[in-house]
Structures are given as structure tokens and as C-alpha cells.
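Shown next: final02.txt, given as compact mmCIF, C-alpha atoms and all ligand atoms.
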# COMPACT_ATOMS: atom_id res chain seq x y z
CA MET H 29 -73.15 -162.03 174.36
CA THR H 30 -73.62 -163.99 177.56
CA ASN H 31 -76.00 -166.82 176.74
CA ALA H 32 -77.10 -168.90 173.77
CA LEU H 33 -79.75 -171.53 173.19
CA ILE H 34 -79.05 -174.18 170.59
CA LEU H 35 -82.05 -176.11 169.32
CA GLY H 36 -80.00 -179.25 168.83
CA GLY H 37 -76.48 -178.71 170.11
CA THR H 38 -75.49 -182.32 170.67
CA GLY H 39 -75.03 -183.31 167.01
CA TRP H 40 -72.00 -182.90 164.78
CA LEU H 41 -72.16 -179.28 163.55
CA SER H 42 -74.36 -178.11 166.42
CA GLY H 43 -71.99 -179.73 168.92
CA ARG H 44 -69.08 -177.81 167.37
CA ILE H 45 -71.11 -174.57 167.55
CA SER H 46 -71.83 -175.30 171.22
CA GLN H 47 -68.14 -175.91 171.90
CA ARG H 48 -67.05 -172.78 170.06
CA LEU H 49 -69.53 -170.60 171.98
CA GLN H 50 -68.34 -172.05 175.29
CA ASP H 51 -64.72 -171.39 174.27
CA ASP H 52 -65.79 -167.76 173.76
CA GLY H 53 -67.22 -167.64 177.30
CA VAL H 54 -70.90 -167.96 176.40
CA ASP H 55 -73.31 -169.94 178.64
CA VAL H 56 -74.85 -172.53 176.33
CA THR H 57 -78.14 -174.39 176.72
CA CYS H 58 -79.00 -177.20 174.30
CA LEU H 59 -82.46 -178.59 173.58
CA ALA H 60 -82.37 -182.21 172.38
CA ARG H 61 -83.99 -185.55 173.15
CA GLY H 62 -80.81 -186.62 174.90
CA SER H 63 -79.41 -189.40 172.71
CA ARG H 64 -75.96 -187.83 173.22
CA ALA H 65 -74.46 -185.71 175.99
CA ALA H 66 -74.13 -181.96 175.53
CA PRO H 67 -70.50 -181.01 174.87
CA GLY H 68 -68.44 -179.42 177.61
CA SER H 69 -70.40 -177.76 180.39
CA ALA H 70 -73.46 -176.86 178.30
CA GLU H 71 -76.81 -177.32 179.99
CA LEU H 72 -78.95 -179.98 178.31
CA VAL H 73 -82.72 -179.48 178.38
CA ARG H 74 -84.28 -182.76 177.29
CA GLY H 75 -87.32 -182.60 175.06
CA ASP H 76 -88.76 -183.83 171.78
CA ARG H 77 -89.60 -181.12 169.27
CA ASP H 78 -92.47 -183.25 168.00
CA ASP H 79 -94.18 -182.02 171.20
CA PRO H 80 -95.08 -178.32 170.68
CA ARG H 81 -94.99 -177.73 174.49
CA VAL H 82 -91.29 -178.54 174.46
CA TYR H 83 -90.37 -174.83 174.41
CA GLU H 84 -92.28 -173.99 177.61
CA ALA H 85 -89.26 -174.60 179.84
CA LEU H 86 -87.19 -172.24 177.65
CA SER H 87 -89.63 -169.38 177.07
CA ALA H 88 -89.34 -168.02 180.62
CA ARG H 89 -85.77 -166.92 179.82
CA GLU H 90 -84.30 -164.23 177.55
CA TRP H 91 -81.74 -165.41 175.01
CA ASP H 92 -78.93 -163.38 173.44
CA HIS H 93 -78.73 -165.86 170.58
CA VAL H 94 -80.95 -168.76 169.51
CA ILE H 95 -79.48 -171.16 166.95
CA ASP H 96 -81.66 -173.73 165.19
CA ILE H 97 -80.33 -176.53 162.98
CA SER H 98 -83.56 -178.48 162.39
CA SER H 99 -84.47 -179.56 158.86
CA ARG H 100 -88.14 -179.92 159.79
CA ALA H 101 -90.16 -176.80 158.97
CA ASP H 102 -92.80 -177.61 161.62
CA HIS H 103 -90.11 -177.69 164.31
CA VAL H 104 -88.61 -174.40 163.14
CA ILE H 105 -91.97 -172.61 162.83
CA ALA H 106 -93.01 -173.71 166.35
CA ALA H 107 -89.69 -172.52 167.80
CA VAL H 108 -89.99 -169.09 166.14
CA VAL H 109 -93.53 -168.71 167.49
CA ALA H 110 -92.60 -169.84 171.02
CA LEU H 111 -89.21 -168.15 171.41
CA GLY H 112 -88.97 -165.42 168.74
CA ASP H 113 -89.86 -162.65 171.23
CA ARG H 114 -87.30 -163.91 173.75
CA ALA H 115 -84.29 -163.78 171.38
CA ALA H 116 -82.06 -160.80 170.57
CA ARG H 117 -80.50 -162.72 167.68
CA TRP H 118 -81.52 -165.85 165.77
CA THR H 119 -79.44 -168.00 163.45
CA TYR H 120 -80.99 -170.69 161.31
CA VAL H 121 -78.76 -173.31 159.67
CA SER H 122 -80.27 -173.93 156.25
CA SER H 123 -78.42 -175.46 153.28
CA VAL H 124 -77.45 -174.77 149.68
CA SER H 125 -80.06 -177.45 148.99
CA ALA H 126 -82.60 -174.63 149.49
CA TYR H 127 -81.67 -173.43 145.97
CA ALA H 128 -83.70 -174.60 142.99
CA ASP H 129 -80.86 -174.06 140.50
CA ASP H 130 -77.90 -176.47 140.67
CA VAL H 131 -76.54 -175.53 137.25
CA THR H 132 -75.48 -171.86 137.33
CA VAL H 133 -71.85 -171.44 138.35
CA GLY H 134 -71.08 -168.68 140.86
CA ALA H 135 -74.69 -168.02 141.91
CA ASP H 136 -75.08 -165.87 145.03
CA GLU H 137 -77.75 -165.68 147.75
CA SER H 138 -80.26 -164.02 145.41
CA ALA H 139 -80.61 -167.26 143.39
CA ARG H 140 -84.07 -168.81 143.14
CA LEU H 141 -85.14 -171.08 145.98
CA HIS H 142 -87.35 -174.18 145.91
CA VAL H 143 -91.04 -173.68 146.52
CA ALA H 144 -91.50 -173.90 150.29
CA ALA H 145 -92.96 -177.13 151.65
CA LYS H 146 -96.51 -176.91 152.92
CA PRO H 147 -97.86 -178.82 155.93
CA GLY H 148 -98.69 -182.37 154.88
CA ASP H 149 -96.32 -182.40 151.87
CA GLU H 150 -94.14 -185.46 151.51
CA TYR H 151 -90.78 -184.70 153.18
CA GLU H 152 -88.22 -183.15 150.85
CA TYR H 153 -85.09 -181.64 152.37
CA GLY H 154 -84.77 -178.50 150.19
CA PRO H 155 -88.42 -177.37 150.37
CA GLN H 156 -88.41 -178.00 154.15
CA LYS H 157 -85.37 -175.75 154.50
CA VAL H 158 -87.12 -173.03 152.46
CA ALA H 159 -90.28 -173.19 154.60
CA ALA H 160 -88.11 -173.02 157.72
CA GLU H 161 -86.22 -170.01 156.30
CA ASP H 162 -89.56 -168.26 155.64
CA ALA H 163 -90.48 -168.63 159.32
CA VAL H 164 -87.11 -167.31 160.47
CA ARG H 165 -87.31 -164.34 158.06
CA THR H 166 -90.30 -163.03 160.08
CA LEU H 167 -87.71 -162.11 162.75
CA ASP H 168 -86.58 -159.38 160.38
CA GLY H 169 -83.42 -157.52 161.36
CA ARG H 170 -82.47 -160.13 163.99
CA ALA H 171 -82.06 -163.26 161.88
CA LEU H 172 -79.14 -164.78 160.02
CA ILE H 173 -79.81 -167.65 157.65
CA VAL H 174 -76.65 -169.64 156.97
CA ARG H 175 -76.68 -171.87 153.89
CA PRO H 176 -73.73 -174.28 154.12
CA GLY H 177 -72.49 -176.36 151.24
CA LEU H 178 -70.84 -179.72 151.94
CA ILE H 179 -69.50 -179.57 155.50
CA VAL H 180 -66.38 -181.65 156.10
CA GLY H 181 -63.96 -182.38 158.91
CA SER H 182 -63.18 -184.83 161.66
CA GLY H 183 -66.08 -186.77 163.13
CA ASP H 184 -68.29 -186.30 160.03
CA PRO H 185 -71.17 -188.74 160.52
CA SER H 186 -71.99 -188.78 156.78
CA ASP H 187 -68.62 -190.43 155.90
CA ARG H 188 -68.51 -188.64 152.54
CA PHE H 189 -65.32 -186.57 152.46
CA GLY H 190 -63.54 -189.05 154.74
CA TYR H 191 -64.22 -191.83 152.23
CA TRP H 192 -61.39 -190.52 150.09
CA ALA H 193 -58.96 -190.70 152.99
CA ALA H 194 -60.10 -194.25 153.74
CA ALA H 195 -59.96 -195.29 150.08
CA VAL H 196 -56.33 -194.25 149.56
CA LEU H 197 -55.22 -195.46 153.00
CA ARG H 198 -56.65 -198.94 152.46
CA ALA H 199 -55.28 -199.06 148.89
CA GLY H 200 -51.69 -198.36 149.99
CA SER H 201 -49.66 -199.36 146.91
CA ALA H 202 -52.74 -200.63 145.02
CA ASP H 203 -54.88 -198.62 142.59
CA VAL H 204 -57.81 -196.54 143.70
CA LEU H 205 -61.01 -196.09 141.68
CA LEU H 206 -61.91 -192.49 140.86
CA PRO H 207 -65.02 -190.98 139.28
CA PRO H 208 -64.70 -188.83 136.18
CA THR H 209 -63.29 -185.51 137.37
CA GLU H 210 -63.05 -183.44 134.20
CA GLY H 211 -65.04 -180.21 134.43
CA ARG H 212 -66.14 -180.99 137.99
CA THR H 213 -65.54 -178.85 141.02
CA ALA H 214 -65.53 -179.63 144.72
CA GLN H 215 -66.54 -176.92 147.17
CA VAL H 216 -66.39 -177.87 150.82
CA ILE H 217 -66.16 -176.05 154.13
CA ASP H 218 -64.59 -177.16 157.39
CA VAL H 219 -67.08 -177.82 160.20
CA ASP H 220 -65.14 -175.61 162.59
CA ASP H 221 -65.14 -172.71 160.12
CA VAL H 222 -68.95 -172.93 159.85
CA ALA H 223 -69.24 -173.18 163.65
CA ALA H 224 -67.01 -170.13 164.17
CA PHE H 225 -69.00 -168.08 161.67
CA ILE H 226 -72.31 -168.94 163.34
CA ALA H 227 -70.90 -168.20 166.78
CA THR H 228 -69.37 -164.82 165.88
CA ALA H 229 -71.14 -163.29 162.85
CA THR H 230 -73.18 -160.15 163.36
CA ALA H 231 -74.70 -160.08 159.86
CA THR H 232 -78.37 -160.70 159.12
CA GLY H 233 -80.07 -162.00 155.99
CA ALA H 234 -79.00 -165.10 154.05
CA ILE H 235 -75.34 -166.06 153.57
CA ASN H 236 -73.84 -169.09 151.81
CA ALA H 237 -71.22 -170.83 153.94
CA VAL H 238 -69.17 -172.43 151.20
CA GLY H 239 -65.48 -172.85 150.56
CA ALA H 240 -63.35 -172.06 147.54
CA GLN H 241 -64.05 -173.87 144.27
CA HIS H 242 -61.42 -176.51 143.54
CA PRO H 243 -61.20 -178.92 140.60
CA LEU H 244 -62.48 -182.25 141.95
CA GLY H 245 -59.36 -184.01 140.66
CA ASP H 246 -57.13 -181.68 142.72
CA VAL H 247 -59.08 -182.40 145.89
CA LEU H 248 -58.84 -186.16 145.40
CA ALA H 249 -55.11 -185.77 144.68
CA LEU H 250 -54.66 -183.98 148.03
CA PHE H 251 -55.74 -187.18 149.81
CA ARG H 252 -53.14 -189.21 147.88
CA THR H 253 -50.42 -186.72 148.79
CA ALA H 254 -51.48 -186.54 152.44
CA THR H 255 -51.39 -190.32 152.85
CA GLY H 256 -48.41 -191.10 150.61
CA HIS H 257 -50.53 -193.29 148.33
CA THR H 258 -48.11 -195.03 145.97
CA GLY H 259 -50.65 -196.91 143.87
CA GLY H 260 -52.17 -195.57 140.70
CA THR H 261 -55.61 -194.21 139.91
CA VAL H 262 -58.19 -195.70 137.58
CA SER H 263 -60.97 -193.43 136.35
CA ALA H 264 -64.24 -194.88 135.23
CA GLU H 265 -66.67 -193.16 132.91
CA GLU H 266 -69.97 -191.80 134.17
CA GLU H 267 -72.20 -194.20 132.16
CA TRP H 268 -70.14 -197.22 133.17
CA LEU H 269 -70.39 -196.35 136.87
CA VAL H 270 -74.13 -195.75 136.65
CA GLU H 271 -74.59 -199.07 134.76
CA HIS H 272 -72.67 -200.78 137.56
CA GLY H 273 -74.92 -199.41 140.27
CA VAL H 274 -72.42 -196.90 141.66
CA GLU H 275 -74.26 -193.95 143.20
CA TYR H 276 -73.38 -190.29 142.97
CA TRP H 277 -72.56 -188.13 145.97
CA ALA H 278 -73.36 -190.18 149.11
CA GLY H 279 -74.64 -193.37 150.66
CA GLU H 280 -73.78 -197.02 150.14
CA ARG H 281 -71.98 -198.10 146.95
CA SER H 282 -71.27 -194.49 146.03
CA LEU H 283 -68.30 -192.41 144.97
CA PRO H 284 -68.71 -189.45 147.33
CA LEU H 285 -68.51 -185.88 145.99
CA TRP H 286 -69.09 -187.16 142.42
CA LEU H 287 -72.12 -185.42 140.91
CA PRO H 288 -73.97 -185.79 137.60
CA ALA H 289 -72.17 -183.78 134.90
CA GLU H 290 -75.06 -181.35 134.53
CA MET H 291 -74.96 -180.26 138.23
CA THR H 292 -72.25 -177.73 137.44
CA GLY H 293 -73.41 -175.16 140.00
CA PHE H 294 -74.06 -177.31 143.07
CA MET H 295 -70.47 -177.12 144.28
CA ALA H 296 -69.62 -173.79 142.63
CA ARG H 297 -71.54 -171.12 144.54
CA SER H 298 -70.47 -167.63 145.52
CA ASN H 299 -68.87 -167.20 148.95
CA ALA H 300 -68.36 -163.44 148.55
CA ALA H 301 -70.91 -162.58 151.26
CA TYR H 302 -69.41 -165.13 153.65
CA LEU H 303 -65.94 -163.65 153.24
CA ALA H 304 -67.19 -160.04 153.37
CA ASN H 305 -68.91 -160.78 156.69
CA GLY H 306 -65.87 -162.19 158.43
CA GLY H 307 -66.19 -165.85 157.42
CA PHE H 308 -62.89 -167.72 157.66
CA LEU H 309 -61.72 -170.53 155.37
CA ARG H 310 -58.79 -172.62 156.55
CA ARG H 311 -56.49 -174.22 153.97
CA LEU H 312 -58.03 -177.31 152.39
CA GLU H 313 -54.73 -179.15 152.99
CA ASP H 314 -55.20 -178.65 156.74
CA THR H 315 -58.73 -180.06 156.69
CA VAL H 316 -57.58 -183.02 154.60
CA ALA H 317 -54.73 -183.72 157.05
CA GLU H 318 -57.16 -183.69 159.97
CA VAL H 319 -59.63 -185.95 158.16
CA VAL H 320 -56.86 -188.43 157.27
CA GLN H 321 -55.84 -188.57 160.94
CA ASP H 322 -59.48 -188.96 162.00
CA GLU H 323 -60.03 -191.83 159.53
CA ARG H 324 -56.89 -193.61 160.80
CA VAL H 325 -58.25 -193.38 164.35
CA ARG H 326 -61.82 -194.40 163.44
CA GLY H 327 -60.52 -197.27 161.27
CA VAL H 328 -60.41 -197.30 157.48
CA GLU H 329 -62.10 -200.73 157.24
CA ARG H 330 -65.02 -199.76 159.48
CA GLU H 331 -68.56 -199.88 158.12
CA ARG H 332 -69.26 -196.56 156.47
CA ARG H 333 -72.38 -194.62 155.55
CA ALA H 334 -70.87 -193.56 152.22
CA GLY H 335 -68.54 -194.95 149.57
CA LEU H 336 -67.56 -198.32 148.21
CA THR H 337 -66.50 -201.16 150.46
CA GLY H 338 -63.02 -202.50 149.77
CA SER H 339 -64.43 -205.58 148.04
CA GLU H 340 -66.84 -203.52 145.91
CA GLU H 341 -63.96 -201.33 144.78
CA ARG H 342 -61.73 -204.34 143.97
CA GLU H 343 -64.52 -206.00 141.93
CA LEU H 344 -65.16 -202.81 139.96
CA LEU H 345 -61.43 -202.34 139.30
CA ALA H 346 -61.11 -205.98 138.13
CA GLU H 347 -64.02 -205.52 135.77
CA LEU H 348 -62.59 -202.27 134.40
CA ARG H 349 -59.27 -204.03 133.69
CA ARG H 350 -61.11 -206.67 131.64
CA LEU H 351 -62.52 -203.97 129.33
CA PRO H 352 -60.92 -203.92 125.86
CA LEU H 353 -58.45 -201.04 125.46
CA ARG H 354 -59.83 -198.06 123.58
N1 LIG H 401 -73.44 -182.09 156.69
C1 LIG H 401 -73.49 -181.26 155.68
O1 LIG H 401 -72.69 -181.33 154.73
C2 LIG H 401 -74.53 -180.16 155.68
C3 LIG H 401 -74.61 -179.31 154.55
C4 LIG H 401 -75.53 -178.26 154.56
C5 LIG H 401 -76.32 -178.05 155.68
N2 LIG H 401 -76.23 -178.90 156.74
C6 LIG H 401 -77.07 -178.62 157.90
O2 LIG H 401 -76.25 -178.64 159.07
C7 LIG H 401 -77.04 -179.02 160.17
C8 LIG H 401 -76.42 -180.23 160.82
O3 LIG H 401 -76.50 -180.10 162.20
P1 LIG H 401 -75.92 -181.27 163.15
O4 LIG H 401 -74.69 -181.81 162.49
O5 LIG H 401 -75.84 -180.77 164.51
O6 LIG H 401 -77.08 -182.35 163.01
P2 LIG H 401 -77.17 -183.76 163.74
O7 LIG H 401 -75.82 -184.31 164.03
O8 LIG H 401 -78.15 -184.56 162.94
O9 LIG H 401 -77.83 -183.38 165.17
C9 LIG H 401 -79.20 -183.12 165.31
C10 LIG H 401 -79.44 -182.42 166.66
O10 LIG H 401 -80.83 -182.16 166.82
C11 LIG H 401 -81.34 -182.95 167.93
N3 LIG H 401 -82.68 -183.44 167.54
C12 LIG H 401 -82.98 -184.23 166.47
N4 LIG H 401 -84.30 -184.48 166.46
C13 LIG H 401 -84.83 -183.86 167.55
C14 LIG H 401 -86.15 -183.77 168.09
N5 LIG H 401 -87.21 -184.40 167.52
N6 LIG H 401 -86.34 -183.05 169.21
C15 LIG H 401 -85.30 -182.42 169.83
N7 LIG H 401 -84.03 -182.46 169.35
C16 LIG H 401 -83.80 -183.18 168.24
C17 LIG H 401 -80.31 -184.06 168.13
O11 LIG H 401 -80.29 -184.59 169.44
P3 LIG H 401 -81.21 -185.87 169.84
O12 LIG H 401 -81.08 -186.87 168.73
O13 LIG H 401 -80.66 -186.33 171.16
O14 LIG H 401 -82.60 -185.34 169.97
C18 LIG H 401 -79.02 -183.28 167.84
O15 LIG H 401 -78.70 -182.43 168.94
C19 LIG H 401 -78.43 -179.30 159.64
O16 LIG H 401 -79.20 -178.14 159.69
C20 LIG H 401 -78.15 -179.65 158.19
O17 LIG H 401 -79.26 -179.48 157.36
C21 LIG H 401 -75.36 -179.94 156.76
Would you kindly transcribe this structure into C-alpha cells?
Ligand SMILES: NC(=O)c1ccc[n+]([C@@H]2O[C@H](COP(=O)([O-])OP(=O)(O)OC[C@H]3O[C@@H](n4cnc5c(N)ncnc54)[C@H](OP(=O)(O)O)[C@@H]3O)[C@@H](O)[C@H]2O)c1
Amino acid sequence: MTNALILGGTGWLSGRISQRLQDDGVDVTCLARGSRAAPGSAELVRGDRDDPRVYEALSAREWDHVIDISSRADHVIAAVVALGDRAARWTYVSSVSAYADDVTVGADESARLHVAAKPGDEYEYGPQKVAAEDAVRTLDGRALIVRPGLIVGSGDPSDRFGYWAAAVLRAGSADVLLPPTEGRTAQVIDVDDVAAFIATATATGAINAVGAQHPLGDVLALFRTATGHTGGTVSAEEEWLVEHGVEYWAGERSLPLWLPAEMTGFMARSNAAYLANGGFLRRLEDTVAEVVQDERVRGVERERRAGLTGSEERELLAELRRLPLR
């Protein structure tokens, strides 16, 4: 492969894909509005995908590999129409959120998907991904649809996985508040493993890009070990956390990676196809070590997009300690 076009390419995952391709000697062109520079020596073509003529500058060329990471079906459909004939290979980055079933443990790529979004529907991430996948599937025999689970690693703009590094680092010898972990799994994949798979895979069809299934409690314990946390842990019950306005999964005032008890399958999907097609999974300990280092550099007290602030956590812990012993 000599050239690749990334629709995106300046964001977190897409920037890592761009870097990986360049490391492999591929000439990379990125299409983006230009809010960030293109990594390395990639060419940046500036354009807004809300403008359907944006692909004109790119359709005069032939591409060995086009990679699209958009979560807007209209953007993906327009790109397939404009550039589909110019591409020898096409990879679309979808998500496990395309699946309708978050309960079945071990489900593979044949699991039922959401109903695809239609033009004019209110925006919903999963149905948009499904409509985008449908467009990419028309490039039969040339297209790979990658469905990542939670992507983690240094530089993660969502601040979810890194919250746990920040929480134990800022606690030091004090206690840290944990969600209920019993019966819950965590299934994450390192951003550079996803990027390497997208850059090198030759498979077509749909493939989950998900890591091994670990008990959630073990994953949270890895952060304590990696940072030398000497304080204790205090687990709160699901109902108590919900009553106290603590959110699941992501965002402000949340406990990241914690999911409602009934979502048993969301972080417990099959990665058999990923592994059979050359997908690599580094050791979770190595990703955790890198994330801890990244959080130290970025600052554990910085404003975050996910998790509890230090004062929110201290207030919740104080309230939990006032509860009568059961
Ligand atoms: N994070 C996770 O755990 C997770 C899990 C499953 C799947 N995923 C999928 O992984 C992918 C994440 O990719 P990423 O990290 O590279 O995303 P990102 O950091 O949000 O970057 C988005 C890229 O698209 C460009 N872009 C956005 N709007 C545009 C527009 N209107 N016109 C032209 N370019 C536009 C951005 O550049 P400009 O802003 O300069 O235009 C940037 O290059 C997504 O497909 C997401 O659904 C993520």
C-alpha cells in the first residue's frame, strides 16, 4: 500500500491511525476542517463534510485505502458515493454501540444491530453508525467495518479510563470511592492496538475490536497497584449512587466504566474474529502504566470530561461514612 486517505485523521484515534500508517511508509492525506494539525508529515486537505462538494478535491486521485471515522451517516454516505470508485480498500470505524443487544455475554458480529437511522431522525449514535455501516457495505468485498468497544490509552479526550488513574493518584493514602463491581466486567482496547489493526488488516466484513473480558474490580485494582495507592476503597451500592446523582459510564459526576447491572453484555463481547484476523492486544498492565504516566503529565487535578471532582468524591465518602453500619 502506498497511499491512504483518512476522513478525519487529526483526532485521537484517527490521528494514531495516521501516525501508524506513516510509520509503515504510507503517504497519508487527512480531510478535516483544520482545528488541529495533521500528525507527522501527513497532508491536510481542509474541508467541512457538511458541504457535499468537499470530496471534489480528493476524487481526482486513486486511493489504496480510505478510512472513515465519522459518526454522521450523511457524511459517510456522501463519502462512499463520491470516493467509493476511487478506493481499493475502505475501512469504516463503527462502534459496539451499533448493537441492539447489550445483555448477551460473548455475542459476536452476527448479533442484532439497531434499526438504521433515516434522514431527518433525531441524532442517536448507534442508529447513525448502523446507517453508515449500510452505506459502506455497498462496497462489498473491499470494506472492513471495525466495531471498537471502549478505546483507552494516553491522550484519551473522553477522560473515562484515565479517571481511575487520577482518582487513586489524588487520593494517595486516602480512600477512593468505587462503584459496585460484583458481576461486572470491563473490556477495553488500547488506542494503538485499534490503530494498528486498521492500518494493517486485510480482512473484510464486520469485526469487533474489543479486548479481553476482565472483572471490573480487577481493572480498578490495577490502577491502585500501578500508582502505589495506600488508602482503602469504599464501595457504594448502585441505588445509593443513583440517588446521589452519580452517573454511570461517562461525563460529569460519573464513575466511569460503571454500567447498570443489567448491561451484562456491553463490555463482554466476542473478540474471536479480531484475534483470528491478526488483531493484537497488549497487556492491560502496560496500558494502565501508560495512562497513569499520561495522567501525571496532564495533571490529576485538571478539569475532566468524566468522573467525580475531588470535592464531589470527598463529600460522597463523608456521607457514606455517616450511614449506619449494616
Ligand atoms: N472512544 C471510544 O471509546 C470509541 C469507542 C467505539 C468507537 N469509537 C469511534 O472511534 C472514532 C473516534 O475517532 P477520533 O478519535 O479520531 O475522533 P475525534 O477525535 O472526534 O476526531 C474527529 C476527526 O474528524 C474531523 N471532523 C469532525 N467533524 C468534521 C467535519 N464536519 N468535516 C470534516 N472533518 C471533520 C476532525 O477534525 P476537525 O475538527 O478539524 O474537522 C477530526 O480529524 C469514532 O468513529 C468513534 O465513533 C470510539
Considering all atoms listed in the file, tabulate each residue of chain H that lies at most 6 Å from ligand LIG 401 (chain H) along with its nearest interatomic pair and the corresponding distance in Å to one decimal; arrange the rows by chain and ascending residue number and present them as a Markdown table.
| residue | atom | partner | partner_atom | distance |
| --- | --- | --- | --- | --- |
| H:Gly36 | CA | H:LIG401 | O15 | 3.4 |
| H:Gly37 | CA | H:LIG401 | O15 | 4.5 |
| H:Thr38 | CA | H:LIG401 | O15 | 3.6 |
| H:Gly39 | CA | H:LIG401 | O7 | 3.2 |
| H:Trp40 | CA | H:LIG401 | O4 | 3.7 |
| H:Leu41 | CA | H:LIG401 | O4 | 3.7 |
| H:Ser42 | CA | H:LIG401 | O5 | 3.6 |
| H:Gly43 | CA | H:LIG401 | O5 | 5.9 |
| H:Leu59 | CA | H:LIG401 | N7 | 5.9 |
| H:Ala60 | CA | H:LIG401 | N7 | 3.5 |
| H:Arg61 | CA | H:LIG401 | O14 | 3.5 |
| H:Gly62 | CA | H:LIG401 | O13 | 3.8 |
| H:Ser63 | CA | H:LIG401 | O13 | 3.7 |
| H:Arg64 | CA | H:LIG401 | O13 | 5.3 |
| H:Gly75 | CA | H:LIG401 | C15 | 5.6 |
| H:Asp76 | CA | H:LIG401 | N6 | 3.6 |
| H:Arg77 | CA | H:LIG401 | N6 | 3.8 |
| H:Asp78 | CA | H:LIG401 | N5 | 5.4 |
| H:Ile97 | CA | H:LIG401 | O16 | 3.8 |
| H:Ser98 | CA | H:LIG401 | O16 | 5.1 |
| H:Ser99 | CA | H:LIG401 | O17 | 5.4 |
| H:Val121 | CA | H:LIG401 | O16 | 4.9 |
| H:Ser122 | CA | H:LIG401 | O16 | 5.5 |
| H:Ser123 | CA | H:LIG401 | C5 | 4.1 |
| H:Pro176 | CA | H:LIG401 | C4 | 4.4 |
| H:Gly177 | CA | H:LIG401 | C4 | 4.9 |
| H:Leu178 | CA | H:LIG401 | O1 | 3.7 |
| H:Ile179 | CA | H:LIG401 | O1 | 3.7 |
Near-Asp203 in chain H list (8 Å; only C-alpha atoms; drop same-chain fewer than 3 positions) as a ChimeraX atom specification: /H:199,259-262
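Each of H:Glu84, H:Asp96, H:Glu271, H:Glu90 was compared to Ala110 in chain H using only C-alpha atoms, and H:Glu84 turns out to be the nearest.
Atom pair CA of Ala229 in chain H / CA of Ala159 in chain H: separated by 23.1 Å.
CA of Glu71 in chain H is found 28.0 Å from CA of Thr166 in chain H.
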Within 12 Å of Gly327 in chain H using all atoms listed in the file, minus same-chain residues under 3 positions, as an mmCIF file with C-alpha atoms, in the frame of the given file:
data_model
loop_
_atom_site.group_PDB
_atom_site.id
_atom_site.type_symbol
_atom_site.label_atom_id
_atom_site.label_comp_id
_atom_site.auth_asym_id
_atom_site.auth_seq_id
_atom_site.Cartn_x
_atom_site.Cartn_y
_atom_site.Cartn_z
ATOM 1 C CA ASP H 187 -68.620 -190.430 155.900
ATOM 2 C CA GLY H 190 -63.540 -189.050 154.740
ATOM 3 C CA TYR H 191 -64.220 -191.830 152.230
ATOM 4 C CA ALA H 193 -58.960 -190.700 152.990
ATOM 5 C CA ALA H 194 -60.100 -194.250 153.740
ATOM 6 C CA ALA H 195 -59.960 -195.290 150.080
ATOM 7 C CA LEU H 197 -55.220 -195.460 153.000
ATOM 8 C CA ARG H 198 -56.650 -198.940 152.460
ATOM 9 C CA VAL H 319 -59.630 -185.950 158.160
ATOM 10 C CA VAL H 320 -56.860 -188.430 157.270
ATOM 11 C CA GLN H 321 -55.840 -188.570 160.940
ATOM 12 C CA ASP H 322 -59.480 -188.960 162.000
ATOM 13 C CA GLU H 323 -60.030 -191.830 159.530
ATOM 14 C CA ARG H 324 -56.890 -193.610 160.800
ATOM 15 C CA ARG H 330 -65.020 -199.760 159.480
ATOM 16 C CA GLU H 331 -68.560 -199.880 158.120
ATOM 17 C CA ARG H 332 -69.260 -196.560 156.470
#
Distance of CA of Leu72 in chain H from CA of Val108 in chain H, expressed in Å to one decimal place: 19.7 Å
